[in-house]
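Below is work.txt, which holds compact mmCIF, C-alpha atoms and all ligand atoms.
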# COMPACT_ATOMS: atom_id res chain seq x y z
CA MET A 1 5.88 54.76 -10.05
CA THR A 2 8.27 51.99 -9.06
CA ARG A 3 11.85 53.07 -8.35
CA VAL A 4 14.36 50.44 -7.24
CA ALA A 5 17.61 51.34 -5.50
CA VAL A 6 20.57 49.15 -4.59
CA VAL A 7 23.06 50.41 -2.00
CA THR A 8 26.16 48.33 -1.32
CA GLY A 9 27.65 48.20 2.17
CA ALA A 10 24.42 49.62 3.58
CA ASN A 11 24.51 47.91 6.97
CA LYS A 12 26.36 50.79 8.61
CA GLY A 13 28.12 54.10 8.14
CA ILE A 14 27.43 56.25 5.11
CA GLY A 15 25.75 53.43 3.16
CA PHE A 16 23.11 52.98 5.85
CA HIS A 17 22.18 56.65 5.65
CA VAL A 18 22.17 56.61 1.85
CA ALA A 19 19.67 53.74 2.02
CA GLN A 20 17.58 55.53 4.64
CA GLN A 21 17.46 58.76 2.62
CA LEU A 22 16.62 56.93 -0.61
CA LEU A 23 13.43 55.60 1.02
CA ALA A 24 11.93 59.05 0.31
CA SER A 25 12.33 58.76 -3.48
CA CYS A 26 12.31 54.98 -4.08
CA THR A 27 9.70 52.27 -3.71
CA VAL A 28 12.26 49.51 -3.06
CA VAL A 29 15.65 50.02 -1.41
CA ILE A 30 17.88 46.95 -1.40
CA LEU A 31 20.54 46.94 1.30
CA ALA A 32 23.25 44.83 -0.32
CA CYS A 33 25.47 43.64 2.52
CA ARG A 34 27.98 40.83 2.86
CA ASP A 35 26.87 39.73 6.32
CA ALA A 36 23.25 38.58 6.66
CA SER A 37 22.86 39.31 10.35
CA ARG A 38 24.28 42.84 9.99
CA GLY A 39 22.18 43.47 6.87
CA GLU A 40 18.98 42.21 8.45
CA ALA A 41 19.63 44.27 11.59
CA ALA A 42 20.01 47.39 9.41
CA VAL A 43 16.69 46.67 7.68
CA ARG A 44 15.05 46.31 11.09
CA ARG A 45 16.53 49.65 12.15
CA LEU A 46 15.05 51.31 9.07
CA SER A 47 11.66 49.85 9.96
CA ASP A 48 10.20 50.54 6.53
CA PRO A 49 8.55 47.92 4.29
CA LYS A 50 10.35 49.46 1.27
CA ALA A 51 13.74 48.40 2.67
CA ARG A 52 14.99 44.86 2.13
CA PHE A 53 18.24 42.99 2.66
CA MET A 54 20.02 40.95 -0.01
CA GLN A 55 23.36 39.23 0.50
CA LEU A 56 26.29 40.56 -1.54
CA ASP A 57 30.04 40.37 -1.20
CA ILE A 58 31.54 42.53 -3.93
CA GLY A 59 34.84 40.70 -3.53
CA ASP A 60 33.25 37.42 -4.62
CA GLU A 61 32.35 36.88 -8.29
CA ALA A 62 29.84 34.13 -7.48
CA SER A 63 28.12 36.36 -4.92
CA ILE A 64 27.84 39.16 -7.51
CA ALA A 65 26.33 36.78 -10.09
CA THR A 66 23.85 35.35 -7.58
CA PHE A 67 22.91 38.84 -6.40
CA ALA A 68 22.35 40.21 -9.93
CA ALA A 69 20.20 37.20 -10.86
CA ALA A 70 18.14 37.56 -7.67
CA VAL A 71 17.59 41.29 -8.25
CA GLU A 72 16.48 40.61 -11.82
CA GLN A 73 14.09 37.92 -10.68
CA ASP A 74 12.69 39.92 -7.74
CA VAL A 75 12.35 43.41 -9.18
CA GLY A 76 13.29 43.20 -12.86
CA ARG A 77 15.33 46.39 -13.10
CA VAL A 78 17.49 48.81 -11.14
CA ASP A 79 16.94 52.58 -11.17
CA VAL A 80 19.66 53.54 -8.69
CA LEU A 81 22.94 51.81 -7.88
CA VAL A 82 25.07 53.40 -5.17
CA ASN A 83 28.45 51.68 -5.05
CA ASN A 84 29.30 52.56 -1.46
CA ALA A 85 31.03 49.41 -0.14
CA ALA A 86 34.76 49.78 0.26
CA ILE A 87 37.63 49.03 2.61
CA ALA A 88 40.47 51.11 4.00
CA PHE A 89 43.32 49.77 6.07
CA LYS A 90 43.80 51.66 9.32
CA ALA A 91 46.99 53.70 9.68
CA ALA A 92 47.97 51.45 12.61
CA ASP A 93 47.46 48.23 10.62
CA PRO A 94 50.74 46.26 10.67
CA THR A 95 50.19 44.87 7.14
CA PRO A 96 53.00 46.27 4.97
CA PHE A 97 52.03 48.80 2.26
CA ALA A 98 52.61 46.20 -0.48
CA GLY A 99 50.37 43.72 1.34
CA GLN A 100 47.52 46.22 1.41
CA THR A 101 47.56 46.90 -2.33
CA GLU A 102 45.82 43.78 -3.70
CA PRO A 103 43.07 43.59 -1.02
CA THR A 104 42.29 47.29 -1.51
CA LEU A 105 42.16 47.08 -5.31
CA LYS A 106 40.19 43.82 -5.17
CA ILE A 107 37.29 45.33 -3.24
CA ASN A 108 37.35 49.03 -4.05
CA VAL A 109 38.16 48.78 -7.76
CA ARG A 110 37.60 45.30 -9.19
CA GLY A 111 34.61 44.57 -6.96
CA THR A 112 32.97 47.90 -7.77
CA VAL A 113 33.56 47.43 -11.51
CA ALA A 114 32.34 43.81 -11.45
CA LEU A 115 29.13 44.64 -9.61
CA THR A 116 28.49 47.58 -11.92
CA ASP A 117 29.00 45.36 -14.99
CA ALA A 118 26.57 42.81 -13.55
CA LEU A 119 23.86 45.42 -12.86
CA LEU A 120 24.28 47.64 -15.93
CA PRO A 121 21.80 45.57 -18.00
CA LEU A 122 19.21 46.22 -15.25
CA LEU A 123 20.11 49.93 -14.99
CA GLU A 124 19.69 50.23 -18.76
CA ARG A 125 16.02 49.26 -18.27
CA SER A 126 15.36 52.36 -16.15
CA ASP A 127 13.96 55.54 -17.67
CA ALA A 128 15.97 57.62 -15.15
CA GLY A 129 18.90 55.39 -14.15
CA ARG A 130 21.42 56.81 -11.69
CA LEU A 131 24.77 55.14 -11.04
CA VAL A 132 26.77 56.65 -8.18
CA HIS A 133 30.27 55.64 -7.15
CA VAL A 134 31.11 56.69 -3.61
CA ALA A 135 34.74 57.71 -4.08
CA SER A 136 36.77 60.14 -1.99
CA MET A 137 38.72 63.36 -2.16
CA ALA A 138 41.65 60.95 -1.62
CA GLY A 139 41.06 59.90 -5.24
CA LYS A 140 42.14 63.22 -6.74
CA LEU A 141 44.32 63.10 -9.84
CA ARG A 142 47.14 65.16 -8.36
CA GLN A 143 48.43 62.15 -6.36
CA VAL A 144 49.97 60.70 -9.54
CA SER A 145 52.49 62.08 -12.06
CA ARG A 146 51.42 64.36 -14.94
CA LYS A 147 51.76 61.46 -17.37
CA ARG A 148 49.61 59.20 -15.21
CA GLN A 149 47.06 62.01 -14.86
CA ARG A 150 46.83 62.11 -18.65
CA ASP A 151 46.41 58.31 -18.76
CA PHE A 152 43.54 58.33 -16.26
CA SER A 153 41.76 61.34 -17.73
CA ASP A 154 42.15 60.29 -21.37
CA PRO A 155 38.66 60.54 -22.89
CA ALA A 156 39.40 57.34 -24.85
CA LEU A 157 40.25 55.32 -21.71
CA THR A 158 38.29 52.05 -21.49
CA THR A 159 37.40 50.04 -18.39
CA GLU A 160 39.79 47.32 -19.56
CA GLN A 161 42.64 49.84 -19.80
CA LEU A 162 41.71 51.27 -16.41
CA LEU A 163 41.94 47.81 -14.83
CA SER A 164 45.32 47.34 -16.54
CA LEU A 165 46.52 50.60 -14.98
CA ALA A 166 45.43 49.27 -11.57
CA ASP A 167 47.36 46.04 -12.28
CA GLU A 168 50.39 48.10 -13.29
CA PHE A 169 50.22 50.01 -10.01
CA ALA A 170 50.07 46.71 -8.09
CA ALA A 171 53.05 45.32 -10.03
CA ASP A 172 55.06 48.51 -9.41
CA VAL A 173 54.25 48.39 -5.69
CA ALA A 174 55.28 44.71 -5.54
CA ALA A 175 58.55 45.59 -7.26
CA GLY A 176 59.16 48.51 -4.89
CA ARG A 177 59.20 51.08 -7.71
CA HIS A 178 55.77 52.70 -7.55
CA LYS A 179 57.02 56.15 -6.57
CA ALA A 180 59.61 56.21 -9.39
CA ALA A 181 56.89 55.00 -11.76
CA GLY A 182 54.75 58.07 -11.10
CA TRP A 183 52.22 56.61 -8.68
CA GLY A 184 51.20 58.17 -5.39
CA SER A 185 51.80 56.73 -1.96
CA SER A 186 48.27 55.61 -1.05
CA ASN A 187 46.63 52.32 -2.00
CA TYR A 188 43.26 53.67 -0.92
CA GLY A 189 43.80 56.94 -2.80
CA LEU A 190 44.71 55.11 -6.00
CA SER A 191 41.68 52.83 -5.62
CA LYS A 192 39.39 55.86 -5.36
CA LEU A 193 41.12 57.56 -8.29
CA CYS A 194 40.27 54.43 -10.33
CA VAL A 195 36.65 54.58 -9.14
CA ILE A 196 36.31 58.20 -10.29
CA ALA A 197 37.94 57.33 -13.63
CA HIS A 198 35.47 54.46 -14.02
CA SER A 199 32.49 56.76 -13.41
CA LYS A 200 33.76 59.06 -16.15
CA ILE A 201 34.27 56.18 -18.60
CA LEU A 202 30.66 55.06 -18.08
CA ALA A 203 29.32 58.62 -18.16
CA ARG A 204 30.87 59.02 -21.62
CA LYS A 205 29.56 55.62 -22.75
CA TYR A 206 25.99 56.38 -21.64
CA ALA A 207 25.91 60.10 -22.55
CA GLY A 208 22.61 60.86 -24.26
CA SER A 209 20.86 57.88 -22.66
CA ALA A 210 18.60 57.87 -19.59
CA LEU A 211 21.48 56.71 -17.40
CA ARG A 212 23.61 59.27 -15.55
CA VAL A 213 26.88 58.27 -13.92
CA ASN A 214 28.71 60.32 -11.30
CA ALA A 215 31.11 59.95 -8.39
CA CYS A 216 31.19 61.71 -5.05
CA CYS A 217 33.10 62.23 -1.84
CA PRO A 218 31.00 62.11 1.33
CA GLY A 219 33.56 64.19 3.24
CA TYR A 220 35.44 63.07 6.33
CA CYS A 221 32.66 61.33 8.26
CA ARG A 222 32.32 59.74 11.68
CA THR A 223 32.16 56.04 10.77
CA ASP A 224 34.04 52.84 11.52
CA MET A 225 36.26 53.52 8.51
CA SER A 226 37.52 56.78 10.01
CA SER A 227 37.59 55.24 13.53
CA ASN A 228 34.84 57.78 14.24
CA ARG A 229 37.29 60.63 13.87
CA GLY A 230 35.60 62.38 10.94
CA GLY A 231 34.12 65.80 11.59
CA ARG A 232 30.95 65.15 9.61
CA PRO A 233 27.98 63.00 10.63
CA PRO A 234 27.51 60.16 8.10
CA GLU A 235 23.93 61.26 7.40
CA ILE A 236 25.30 64.57 6.08
CA GLY A 237 28.03 62.85 4.04
CA ALA A 238 25.39 60.51 2.58
CA ARG A 239 23.59 63.45 0.98
CA ASN A 240 26.28 63.70 -1.71
CA ALA A 241 25.40 60.27 -3.09
CA VAL A 242 21.68 60.77 -2.59
CA LEU A 243 21.50 63.98 -4.62
CA LEU A 244 23.19 62.16 -7.53
CA ALA A 245 20.62 59.34 -7.23
CA LEU A 246 17.55 61.54 -7.61
CA PRO A 247 15.62 61.27 -10.87
CA ASP A 248 15.84 65.03 -11.42
CA CYS A 249 19.65 65.11 -11.12
CA GLY A 250 20.96 66.19 -14.52
CA LEU A 251 24.66 65.81 -13.76
CA ASN A 252 26.71 63.29 -15.73
CA GLY A 253 30.42 62.47 -15.44
CA GLU A 254 30.94 64.81 -12.49
CA PHE A 255 32.71 64.50 -9.15
CA VAL A 256 30.63 65.94 -6.31
CA GLN A 257 31.95 67.01 -2.93
CA ASP A 258 30.21 69.12 -0.26
CA GLU A 259 27.04 68.74 -2.37
CA ALA A 260 28.56 70.68 -5.29
CA VAL A 261 30.48 69.79 -8.43
CA SER A 262 34.20 69.71 -7.68
CA ALA A 263 37.38 69.37 -9.72
CA TRP A 264 38.87 65.86 -9.97
P1 LIG A 301 32.41 51.78 6.86
O1 LIG A 301 33.66 51.03 7.06
O2 LIG A 301 31.68 52.32 8.04
O3 LIG A 301 31.38 50.91 6.00
C1 LIG A 301 31.83 50.23 4.87
C2 LIG A 301 30.73 49.33 4.38
O4 LIG A 301 31.22 48.60 3.24
C3 LIG A 301 30.30 48.29 5.41
O5 LIG A 301 28.91 48.09 5.30
C4 LIG A 301 31.05 47.05 4.97
O6 LIG A 301 30.45 45.84 5.37
C5 LIG A 301 30.96 47.23 3.46
N1 LIG A 301 31.86 46.36 2.73
C6 LIG A 301 33.21 46.30 2.81
N2 LIG A 301 33.67 45.34 2.02
C7 LIG A 301 32.58 44.77 1.41
C8 LIG A 301 32.42 43.71 0.50
N3 LIG A 301 33.45 42.99 0.04
N4 LIG A 301 31.16 43.43 0.07
C9 LIG A 301 30.10 44.12 0.52
N5 LIG A 301 30.20 45.10 1.42
C10 LIG A 301 31.44 45.43 1.87
O7 LIG A 301 32.80 52.95 5.85
P2 LIG A 301 32.11 54.37 5.54
O8 LIG A 301 30.64 54.30 5.75
O9 LIG A 301 32.91 55.40 6.18
O10 LIG A 301 32.44 54.47 3.97
C11 LIG A 301 31.45 54.35 2.96
C12 LIG A 301 32.07 54.83 1.68
O11 LIG A 301 32.48 56.20 1.82
C13 LIG A 301 33.32 54.05 1.25
O12 LIG A 301 33.31 53.92 -0.15
C14 LIG A 301 34.45 54.97 1.69
O13 LIG A 301 35.61 54.74 0.97
C15 LIG A 301 33.84 56.33 1.41
N6 LIG A 301 34.45 57.44 2.14
C16 LIG A 301 34.36 57.49 3.51
C17 LIG A 301 34.92 58.56 4.17
C18 LIG A 301 34.83 58.69 5.66
O14 LIG A 301 35.36 59.69 6.21
N7 LIG A 301 34.17 57.78 6.38
C19 LIG A 301 35.63 59.65 3.45
C20 LIG A 301 35.64 59.48 2.03
C21 LIG A 301 35.07 58.40 1.42
P3 LIG A 301 30.84 45.11 6.78
O15 LIG A 301 30.08 45.81 7.85
O16 LIG A 301 30.42 43.71 6.54
O17 LIG A 301 32.33 45.25 6.94

Final C-alpha cells representation of the file:
Amino acid sequence: MTRVAVVTGANKGIGFHVAQQLLASCTVVILACRDASRGEAAVRRLSDPKARFMQLDIGDEASIATFAAAVEQDVGRVDVLVNNAAIAFKAADPTPFAGQTEPTLKINVRGTVALTDALLPLLERSDAGRLVHVASMAGKLRQVSRKRQRDFSDPALTTEQLLSLADEFAADVAAGRHKAAGWGSSNYGLSKLCVIAHSKILARKYAGSALRVNACCPGYCRTDMSSNRGGRPPEIGARNAVLLALPDCGLNGEFVQDEAVSAW
C-alpha cells in the first residue's frame, strides 16, 4: 500500500532522522528542504529509492504553493506531514529580543500554519492521515499568564484567532509591554506554544475523521539548533514524531514527550 510522507527541514538534525525512520513505514518520503544542495545531499545519505528531495521554504508563500502543487501532481495525496522545520536564535545572537520576534513567528508559526493549510486537502485524501507538529517543551502553557492560558486552550479557539494572538504578542513586544501583558519572555517558547495550540485546533476539527493531529517535543537533542549541546541523540528525539506518524497511532490532540503523552 502506498504511504506518502512529507518531512520539513529534513536535511539535517531531527528532521533527517524522522525521514530516515519513516522509510520503514512509508513508500515515499519527501525531504522538504529550503536548500537544494543540502536536501539532495541528505537524500544521497539516506541511499534509499523511497526518499526524494523537493524544494520548500516555509517562510515563502510562493514556495509553499509551488511545493503543494508539485506534491499533488507527483503523488496525489499525503499520508504523513511532519512539520519539523523551525528556527531558534542562539543565546549569543546580538539581535535584540524585539528583533527576533517577527522572524521566529514568521517561520515557526505562520510558516507551519501556511504549509499545513496548503497540504490539508492532500492529507484529507489519506485513509490514515497523520499530521505531526514538532513543537517543544519550551511551548508549555505555564510561560504565559492564567488569562492567556485560557485564551490558548479555549476549545473554541480558531486558527485565525490563534494567529491574532501571535500578532498581539508581536505588537506587545514591539511596544515593550509584553511582560505586563501576560506573555512569557521567550519568542521561541511562544512560537512553540502556538504550534501546540494549532495542533489541538486541528485535532478538534478533524476528530472522528481518518486524520489524527498531534504535537511533540523531541527532547534536548544534539543538533545545530542546540549547538550540539543537547543530551539526546537526534535519532532518539526523532522517535517522538515518528510514533505519531504511524498508521496505528490512535492519539489525537495530544502533546507527546519522551515517547509518552505529556501535559501541555
Ligand atoms: P536544526 O537547526 O538542526 O534543523 C532545523 C531544520 O529546519 C533545518 O533543516 C533547516 O534548514 C530547516 N528550516 C529552517 N527554516 C526553514 C524554512 N524557512 N524552510 C524550510 N526549512 C527550514 O534543528 P533541530 O533538528 O534541532 O530541530 C528540529 C525541530 O525540533 C525544530 O522544530 C525544533 O524547534 C525542535 N526542537 C529541537 C530541540 C533540540 O534540542 N534540538 C528541542 C525541542 C524542539 P537549513 O539547513 O536550510 O537551515

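Look at Thr104 in chain A: the protein and nucleic acid residues within 8 Å of it, using all atoms listed in the file and passing over chain neighbours fewer than 3 places away, are Ile87, Ala88, Gln100, Thr101, Ile107, Asn108, Val109, Asn187, Tyr188 and Ser191 of chain A.
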
Exercise. Taking (23.2, 46.5, -2.6) in the file's coordinates, which residues come within 8 Å, counting all atoms listed in the file, written as a VMD selection string?
Worked result: chain A and resid 5 to 10 30 to 33 54 to 56 81 to 83

Exercise. Which chains and residue numbers are within 7 Å of ligand LIG 301 (chain A), counting only C-alpha atoms and all ligand atoms, if I want them as an MDAnalysis selection string?
Worked result: chainID A and resid 8:15 32:35 38 56:59 84:88 107 134:137 217:226 230

For this session: Would you mind listing what lies within 8 Å of Phe152 in chain A as a ChimeraX atom specification, with all atoms listed in the file counted and same-chain residues fewer than 6 positions away left out?
Result: /A:162,194,197

For this session: Identify, on the basis of all atoms listed in the file, every residue whose closest approach to Thr159 in chain A does not exceed 12 Å; exclude the query and any residue fewer than 6 positions from it along the same chain; express the result as number ranges by chain.
Result: A: 109-110, 112-114, 116-117, 152, 165-166, 194-205

Considering only C-alpha atoms, give me a table of residues in range 56-135 of chain A that are at most 7 Å from range 239-258 of chain A, with the closest atom pair and distance in Å for each, as CSV.
residue,atom,partner,partner_atom,distance
A:Val80,CA,A:Ala245,CA,6.1
A:Ala128,CA,A:Pro247,CA,5.6
A:Arg130,CA,A:Ala245,CA,5.2
A:Val132,CA,A:Ala241,CA,6.4
A:Val134,CA,A:Ala241,CA,6.8

For this session: Just give me the gap between CA of Ala62 in chain A and CA of Leu122 in chain A in Å, one decimal is fine.
Result: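 Calculated distance between CA of Ala62 in chain A and CA of Leu122 in chain A is 17.9 Å.
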
Problem set entry | Contact residues around Val29 in chain A with all atoms listed in the file at 9 Å, ignoring same-chain residues under 6 positions, as a ChimeraX atom specification | /A:3-7,19-20,22-23,50-53

For this session: May I ask for the distance between CA of Glu235 in chain A and CA of Cys216 in chain A, given in Å to one decimal place?
Result: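 It comes out at 14.4 Å.
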
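Shortest separation to Gly184 in chain A among A:Gln149, A:Gln143, A:Glu40, A:Asp172 occurs at residue A:Gln143, atoms counted being only C-alpha atoms.
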
Exercise. So how many Å separate CA of Ser186 in chain A and CA of Asp60 in chain A, to one decimal?
Worked result: 23.9 Å

Exercise. Using only C-alpha atoms, which of the listed residues (A:Gly189, A:Gly182, A:Gly39, A:Pro233) sits closest to Phe89 in chain A?
Worked result: A:Gly189

For this session: Fewer than 6 positions away in the same chain doesn't count, so skip those; otherwise give me all residues within 10 Å of Arg125 in chain A, counting only C-alpha atoms, as a count of residues only.
Result: 6

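Distance check against Ile64 in chain A using all atoms listed in the file: of A:Gly208, A:Gly111, A:Pro49, A:Pro96, the minimum falls on A:Gly111.
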
Exercise. Restricting the calculation to all atoms listed in the file, which member of A:Ala263, A:Ala238, A:Leu46, A:Leu193 is positioned closest to Arg148 in chain A?
Worked result: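 Among the listed residues, A:Leu193 lies closest to Arg148 in chain A.
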
Regenerate range 214-225 of chain A at the level of all heavy atoms and dump it as an mmCIF file, in the coordinates of the input.
data_model
loop_
_atom_site.group_PDB
_atom_site.id
_atom_site.type_symbol
_atom_site.label_atom_id
_atom_site.label_comp_id
_atom_site.auth_asym_id
_atom_site.auth_seq_id
_atom_site.Cartn_x
_atom_site.Cartn_y
_atom_site.Cartn_z
ATOM 1 N N ASN A 214 27.893 59.321 -12.001
ATOM 2 C CA ASN A 214 28.710 60.320 -11.300
ATOM 3 C C ASN A 214 29.432 59.671 -10.123
ATOM 4 O O ASN A 214 29.065 58.574 -9.689
ATOM 5 C CB ASN A 214 27.829 61.455 -10.786
ATOM 6 C CG ASN A 214 27.176 62.252 -11.917
ATOM 7 O OD1 ASN A 214 27.816 63.078 -12.560
ATOM 8 N ND2 ASN A 214 25.900 61.982 -12.189
ATOM 9 N N ALA A 215 30.407 60.392 -9.599
ATOM 10 C CA ALA A 215 31.110 59.950 -8.390
ATOM 11 C C ALA A 215 31.036 61.061 -7.357
ATOM 12 O O ALA A 215 30.801 62.226 -7.704
ATOM 13 C CB ALA A 215 32.566 59.633 -8.713
ATOM 14 N N CYS A 216 31.244 60.683 -6.094
ATOM 15 C CA CYS A 216 31.190 61.710 -5.050
ATOM 16 C C CYS A 216 32.152 61.381 -3.918
ATOM 17 O O CYS A 216 32.627 60.251 -3.786
ATOM 18 C CB CYS A 216 29.773 61.848 -4.495
ATOM 19 S SG CYS A 216 29.194 60.410 -3.588
ATOM 20 N N CYS A 217 32.401 62.400 -3.123
ATOM 21 C CA CYS A 217 33.100 62.230 -1.840
ATOM 22 C C CYS A 217 32.113 62.617 -0.747
ATOM 23 O O CYS A 217 31.528 63.697 -0.809
ATOM 24 C CB CYS A 217 34.331 63.129 -1.768
ATOM 25 S SG CYS A 217 35.107 63.069 -0.124
ATOM 26 N N PRO A 218 31.929 61.756 0.246
ATOM 27 C CA PRO A 218 31.000 62.110 1.330
ATOM 28 C C PRO A 218 31.587 63.106 2.321
ATOM 29 O O PRO A 218 30.858 63.615 3.178
ATOM 30 C CB PRO A 218 30.732 60.764 2.012
ATOM 31 C CG PRO A 218 31.960 59.948 1.738
ATOM 32 C CD PRO A 218 32.493 60.401 0.402
ATOM 33 N N GLY A 219 32.893 63.377 2.218
ATOM 34 C CA GLY A 219 33.560 64.190 3.240
ATOM 35 C C GLY A 219 34.068 63.275 4.353
ATOM 36 O O GLY A 219 33.777 62.074 4.372
ATOM 37 N N TYR A 220 34.827 63.853 5.244
ATOM 38 C CA TYR A 220 35.440 63.070 6.330
ATOM 39 C C TYR A 220 34.382 62.848 7.408
ATOM 40 O O TYR A 220 34.031 63.765 8.152
ATOM 41 C CB TYR A 220 36.650 63.845 6.851
ATOM 42 C CG TYR A 220 37.535 63.087 7.807
ATOM 43 C CD1 TYR A 220 37.775 61.725 7.660
ATOM 44 C CD2 TYR A 220 38.161 63.746 8.856
ATOM 45 C CE1 TYR A 220 38.604 61.039 8.541
ATOM 46 C CE2 TYR A 220 38.994 63.069 9.744
ATOM 47 C CZ TYR A 220 39.206 61.712 9.566
ATOM 48 O OH TYR A 220 40.027 61.036 10.444
ATOM 49 N N CYS A 221 33.847 61.620 7.443
ATOM 50 C CA CYS A 221 32.660 61.330 8.260
ATOM 51 C C CYS A 221 32.992 60.450 9.468
ATOM 52 O O CYS A 221 33.918 59.635 9.414
ATOM 53 C CB CYS A 221 31.609 60.615 7.419
ATOM 54 S SG CYS A 221 30.954 61.608 6.075
ATOM 55 N N ARG A 222 32.161 60.578 10.474
ATOM 56 C CA ARG A 222 32.320 59.740 11.680
ATOM 57 C C ARG A 222 31.732 58.356 11.430
ATOM 58 O O ARG A 222 30.507 58.167 11.575
ATOM 59 C CB ARG A 222 31.584 60.403 12.861
ATOM 60 C CG ARG A 222 32.359 61.508 13.515
ATOM 61 C CD ARG A 222 31.753 61.923 14.829
ATOM 62 N NE ARG A 222 30.472 62.595 14.695
ATOM 63 C CZ ARG A 222 30.312 63.865 14.334
ATOM 64 N NH1 ARG A 222 31.364 64.598 14.027
ATOM 65 N NH2 ARG A 222 29.114 64.395 14.251
ATOM 66 N N THR A 223 32.582 57.423 11.022
ATOM 67 C CA THR A 223 32.160 56.040 10.770
ATOM 68 C C THR A 223 33.258 55.108 11.267
ATOM 69 O O THR A 223 34.334 55.554 11.668
ATOM 70 C CB THR A 223 31.964 55.792 9.253
ATOM 71 O OG1 THR A 223 33.246 55.926 8.618
ATOM 72 C CG2 THR A 223 30.967 56.753 8.633
ATOM 73 N N ASP A 224 32.999 53.804 11.145
ATOM 74 C CA ASP A 224 34.040 52.840 11.520
ATOM 75 C C ASP A 224 35.294 53.042 10.672
ATOM 76 O O ASP A 224 36.417 52.889 11.154
ATOM 77 C CB ASP A 224 33.525 51.405 11.340
ATOM 78 C CG ASP A 224 32.541 51.026 12.444
ATOM 79 O OD1 ASP A 224 32.426 51.789 13.435
ATOM 80 O OD2 ASP A 224 31.884 49.974 12.317
ATOM 81 N N MET A 225 35.091 53.368 9.388
ATOM 82 C CA MET A 225 36.260 53.520 8.510
ATOM 83 C C MET A 225 37.216 54.593 9.018
ATOM 84 O O MET A 225 38.426 54.444 8.939
ATOM 85 C CB MET A 225 35.820 53.832 7.072
ATOM 86 C CG MET A 225 36.974 53.904 6.106
ATOM 87 S SD MET A 225 36.480 54.172 4.415
ATOM 88 C CE MET A 225 35.982 52.537 3.908
#
